[in-house]
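Heads up, the thing below is written out as structure tokens.
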Amino acid sequence: MMFNVVALFALVNAALVSSTAIRADAAPAVAHKATGPIANAISPIANAIVVFQTCVDENLKNCLIWSATTLPVGCSNTASSGQANSISSVQTAAGVGCTLFTSTTCSGQSQFINGTLNALTVVGFDNKANSFTCASL
Ligand SMILES: *[C@@H]1O[C@H](CO)[C@@H](O)[C@H](O)[C@H]1NC(C)=O
């Protein structure tokens with residue numbers, strides 16, 4: 001039994017190490033003021049795709065769109081783009097999943113997002129996020 005426990009611990013540890021490495025290597029997303037629904041959003045950066053939208057108000061109002069040239073997207077600090085403890089609704093691009101974090105460095109409490117969440121209060125994460133990462137679903 002002890003062997004199984006040790007083997008399981010090693011496996012979990014390996015998974016944690018590899019996800020940390022991906023996060024550290026990947027470039028963060030870049031923020032721009034959103035002008036409409038994410039489905040119509042076009043990245044102002046050449047060869048970049050829109051991956052995520054973070055909004056200060058519920059129902060996807062008062063938003064930033066986030067663009068990246070690669071997936072996964074590295075840790076992106078929302079606080080340094082003017083959204084500190086103020087995000088109340090979010091939307092991922094099709095085929096993309098993003099994880100919100102309470103700290104500015106993608107640690108602390110987290111909340112996975114896949115699709116549209118018009119009110120983060122529903123999952124107990126209103127005005128809590130300060131950073132995120134994204135990856136292909
Ligand atoms: C994301 O949401 C879609 C649509 O609800 C669902 O089909 C898919 O399984 C979800 N993927 C993950 C990784 O949660």
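By convention here, the chains of the structure tokens are called A, B, ... in the order presented, each chain's residues are numbered starting at 1, and ligands are numbered starting at 1 in the order presented.
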
Which residues are near ligand 1 - at most 8 Å, using only C-alpha atoms and all ligand atoms? Format: as a PyMOL selection string. chain A and resi 95+97+113-115+137

Identify all residues of chain A in strand (DSSP E or B) (DSSP on the backbone) and supply them as an MDAnalysis selection string. chainID A and resid 28 30:33 49:57 61:68 73:77 89:92 96:101 110:113 116:117 131:136

* To do: Based on DSSP run over this structure's backbone, return all residues of stretch 59-130 of chain A in helix (DSSP H, G or I), as a ChimeraX atom specification.
  => /A:79-81,120-123

Applying 7 Å and only C-alpha atoms, which residues near stretch 106-111 of chain A remain after dropping the ones on its own chain fewer than 4 positions away? List them as a ChimeraX atom specification.
/A:75,99-102,131-132

- prompt: Counting only C-alpha atoms, what is within 12 Å of A:Ala48, bar same-chain residues fewer than 2 positions away, as a ChimeraX atom specification?
  reply: /A:27-31,41-46,50-51,65-71,73

Distance criterion (only C-alpha atoms): nearest to A:Gly82 out of A:Ala39, A:Ala119, A:Thr54, A:Ala26: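 Looking only at the distances to A:Gly82, the closest residue turns out to be A:Thr54.
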
Just the residues within 7 Å of A:Asn118, please, counting only C-alpha atoms, with nothing from its chain fewer than 5 positions along; format it as a PDB file with N, CA, C and O atoms, in the first residue's frame.
ATOM      1  N   GLU A  58     -21.569  43.414 -14.715  1.00  0.00           N
ATOM      2  CA  GLU A  58     -22.234  42.159 -15.088  1.00  0.00           C
ATOM      3  C   GLU A  58     -22.743  42.251 -16.525  1.00  0.00           C
ATOM      4  O   GLU A  58     -22.829  43.344 -17.106  1.00  0.00           O
ATOM      5  N   ASN A  59     -23.067  41.092 -17.095  1.00  0.00           N
ATOM      6  CA  ASN A  59     -23.620  40.990 -18.455  1.00  0.00           C
ATOM      7  C   ASN A  59     -22.685  41.555 -19.519  1.00  0.00           C
ATOM      8  O   ASN A  59     -23.125  42.174 -20.494  1.00  0.00           O
ATOM      9  N   LEU A  60     -21.369  41.337 -19.305  1.00  0.00           N
ATOM     10  CA  LEU A  60     -20.351  41.678 -20.303  1.00  0.00           C
ATOM     11  C   LEU A  60     -20.372  43.150 -20.696  1.00  0.00           C
ATOM     12  O   LEU A  60     -20.336  43.498 -21.880  1.00  0.00           O
ATOM     13  N   SER A  89     -17.990  39.888 -14.804  1.00  0.00           N
ATOM     14  CA  SER A  89     -18.470  38.950 -15.823  1.00  0.00           C
ATOM     15  C   SER A  89     -17.338  38.671 -16.807  1.00  0.00           C
ATOM     16  O   SER A  89     -16.425  39.493 -16.950  1.00  0.00           O
ATOM     17  N   VAL A  90     -17.386  37.511 -17.451  1.00  0.00           N
ATOM     18  CA  VAL A  90     -16.295  37.083 -18.338  1.00  0.00           C
ATOM     19  C   VAL A  90     -16.832  36.226 -19.482  1.00  0.00           C
ATOM     20  O   VAL A  90     -17.933  35.661 -19.385  1.00  0.00           O
TER      21      VAL A  90
END

In terms of only C-alpha atoms, the residue from A:Thr116, A:Lys61, A:Ser86, A:Ser80 at minimal distance from A:Ala129 is A:Ser86

Check: Which residues, written as an NGL selection string, have at least one atom at most 6 Å from A:Val56, with only C-alpha atoms counted and residues fewer than 2 positions away on the same chain left out?
Finding: :A and (62 or 86-88)

- request: Would you list the contacts of A:Asn85 as a VMD selection string, taking every protein, DNA or RNA residue within 7 Å and counting only C-alpha atoms, but skipping same-chain residues closer than 5 positions in sequence?
  value: chain A and resid 127 to 130

Those same residues, written as a PDB file, in the first residue's frame with N, CA, C and O atoms?
ATOM      1  N   ASN A 127     -15.598  40.334  -8.170  1.00  0.00           N
ATOM      2  CA  ASN A 127     -14.609  41.316  -7.667  1.00  0.00           C
ATOM      3  C   ASN A 127     -13.434  40.655  -6.952  1.00  0.00           C
ATOM      4  O   ASN A 127     -12.908  41.194  -5.988  1.00  0.00           O
ATOM      5  N   LYS A 128     -13.036  39.473  -7.411  1.00  0.00           N
ATOM      6  CA  LYS A 128     -11.953  38.737  -6.750  1.00  0.00           C
ATOM      7  C   LYS A 128     -10.749  38.514  -7.655  1.00  0.00           C
ATOM      8  O   LYS A 128      -9.633  38.364  -7.174  1.00  0.00           O
ATOM      9  N   ALA A 129     -10.957  38.443  -8.977  1.00  0.00           N
ATOM     10  CA  ALA A 129      -9.872  38.044  -9.884  1.00  0.00           C
ATOM     11  C   ALA A 129      -8.872  39.171 -10.108  1.00  0.00           C
ATOM     12  O   ALA A 129      -9.239  40.352 -10.195  1.00  0.00           O
ATOM     13  N   ASN A 130      -7.597  38.807 -10.203  1.00  0.00           N
ATOM     14  CA  ASN A 130      -6.525  39.761 -10.520  1.00  0.00           C
ATOM     15  C   ASN A 130      -5.560  39.238 -11.577  1.00  0.00           C
ATOM     16  O   ASN A 130      -4.628  39.952 -11.966  1.00  0.00           O
TER      17      ASN A 130
END

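Minimum atom-to-atom distance to A:Ala84, evaluated using only C-alpha atoms, belongs to A:Asp126 out of A:Asn40, A:Phe112, A:Asp126, A:Thr121.
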
Correct to one decimal, the distance atom CA of A:Pro72-atom CA of A:Ala94 is 14.1 Å

Shortest contact to A:Leu120, candidates A:Gln91, A:Thr78, A:Asn47, A:Thr35, atoms counted only C-alpha atoms, goes to A:Gln91
